[in-house]
Amino acid sequence: MSAIEYELLHIDKNSGARTGVIHTPSGDIRTPVFMPVGTQATVKSVTPEELKEEINAQIILSNTYHLYLRPGYELVKEAGGLHKFMNWDRPILTDSGGFQVFSLSGLRKITEEGVKFTSHLDGSKHLFTPEKVMEIEEALGADIIMAFDECCAYPSDYEYTKKSMERTTRWAKRCKEAHTTENQGLFGIIQGGFYKDLREKSAKDLIDLDFPGYAIGGISVGEPKEEFLDILRYTAPLMPENKPRYLMGVGTPDYLIEAALAGIDMCDCVLPTRLARHGTALTSKGKVVVRNATYERDWTKLDEECDCYTCKNYTKAYIRHLVKTNEILGIRLLSIHNLRFLTKLMERVIIEIENDNLLGFREEFYSKYGYTII
RNA sequence: GGGUAGGUGGUCGAGUGGUUAAUGGCACCAGACUGUAAAUCUGGCCGCGAGAGCGUACGUUGGUUCGAAUCCAACCCUGCCCA
């Protein structure tokens, strides 16, 4: 019995989307699920208690690279692991630093052995090998840990993408060999950029390594939506049906629905908290840039359909005032709202899948939000 | 009353004869944001005009000069010091 087990509950007869449960050492996760990102052992501006009680987040992410630099993985281990350290007793997933290979591309050097990062904090050098990443992620103690990969930039040419994907596969193998803990599930990450034959090869080779879950990485990195959907719809069906399927770095409401339609179980994104810090709310009628002057005297809630703490208590005019005056509460209220919005969206997606109506829901949601179905 | 420092675009504040519709910061108005180097970044911000451009503008009035926010004179106003 692996630390992570997937239980399939229902497949939408009309779309192929699925609901299920991921069993983890820290409890069960109903899927499809949206996972808030808490890079530095905190989902920016909200407390773990709010994540549970107000937002109903089932699982959150944290980050190997950031926690390795500060406060250090030995310290987190000494604290009793991430769960204890941050007072969050539900499941946690740690990303491996593979995204930083992409986002900090000017500060790293890739070799077969691993990636040498120049710290964005103080310029110090740190070599991340698959073995080192496993050591760190095991010390952090998340329920799900990600293999060390390279998230390729968009666009990347075929030759580079192929080389990178094959190296990611070799790194996945090394991760698996180095992984020792039994209470953590190690997920493999399918790469291959925007080339279908590479995606297929990556999926096949990783499946041979028999991970308890699989992720799609390297999309949602700046490409047009058509290309995103094309690779998503091509890759998702290559993933084992009896294991969790995780689409990394998504996203916006439409991408989340598309992911569920493609049979994805898990997504994560910084967007709700980042947008909140930048003065924007996600709502059923589209984005509301509440910082804009048009809301100065708007005495209504952010979203008429929302049941969150923020919408129960505060008006757009007040939130705009907080944002314009740089008050921390503005960020907090918007973060709570945006996180609840996406969490609630996925709760609804589960219901719609169980009613075999996710396609119908997509149409309804898109038209209200202002999206066009592609 | 005497002395002294100063009055610049919404605001604070550079600029001390021409390339200055006038550096910056803030405020204001928008846009971007997708496994977080992001409470960040980008653009706009005198008026009219799609634009080239035109018109106004550095306390007020006058003067010097080919040319003034910048030099001179008078006046008005403000801060500080002395009486």
# chains A, B, ... in the order shown; residues from 1 in each chain; ligands from 1

$ closest_atom_pairs --of "chain B" --to "chain A" --cutoff "10 Å" --atoms "only C-alpha atoms (C1' of nucleotides)" --output "tab-separated table"
residue	atom	partner	partner_atom	distance
B:C28	C1'	A:Ala293	CA	9.8
B:C29	C1'	A:Ala293	CA	8.1
B:A30	C1'	A:Asn292	CA	8.2
B:C33	C1'	A:Leu275	CA	6.9
B:U34	C1'	A:Gly251	CA	4.5
B:G35	C1'	A:Gly249	CA	4.5
B:U36	C1'	A:Val270	CA	6.3
B:A37	C1'	A:His120	CA	5.7
B:A38	C1'	A:Arg274	CA	7.5
B:A39	C1'	A:Arg277	CA	5.1
B:U40	C1'	A:His278	CA	7.8

$ select_by_dssp --residues "stretch 49-291 of chain A" --states "strand (DSSP E)" --output "number ranges by chain"
A: 60-63, 92-95, 108-110, 115-118, 125-128, 144-146, 185-190, 213-216, 245-247, 266-269, 281-283, 286-288

$ residues_around --residues "B:U65" --least-positions-apart "6" --cutoff "12 Å" --atoms "only C-alpha atoms (C1' of nucleotides)" --output "number ranges by chain"
B: 17-18, 71-72

$ residues_around --residues "A:Ala203" --least-positions-apart "2" --cutoff "9 Å" --atoms "only C-alpha atoms (C1' of nucleotides)" --output "PyMOL selection string"
chain A and resi 189-191+198-201+205-208+214+235+238-239

$ atom_distance --atom1 "atom CA of A:Asp12" --atom2 "atom CA of A:Pro237"
14.7 Å

$ select_by_dssp --residues "stretch 100-181 of chain A" --states "alpha helix (DSSP H)" --output "NGL selection string"
:A and (100-103 or 130-140 or 158-178)

$ residues_around --residues "A:Ala57" --least-positions-apart "2" --cutoff "12 Å" --atoms "only C-alpha atoms (C1' of nucleotides)" --output "VMD selection string"
chain A and resid 28 to 31 33 to 38 43 46 to 55 59 to 61 88 to 92 268 336 338 to 347
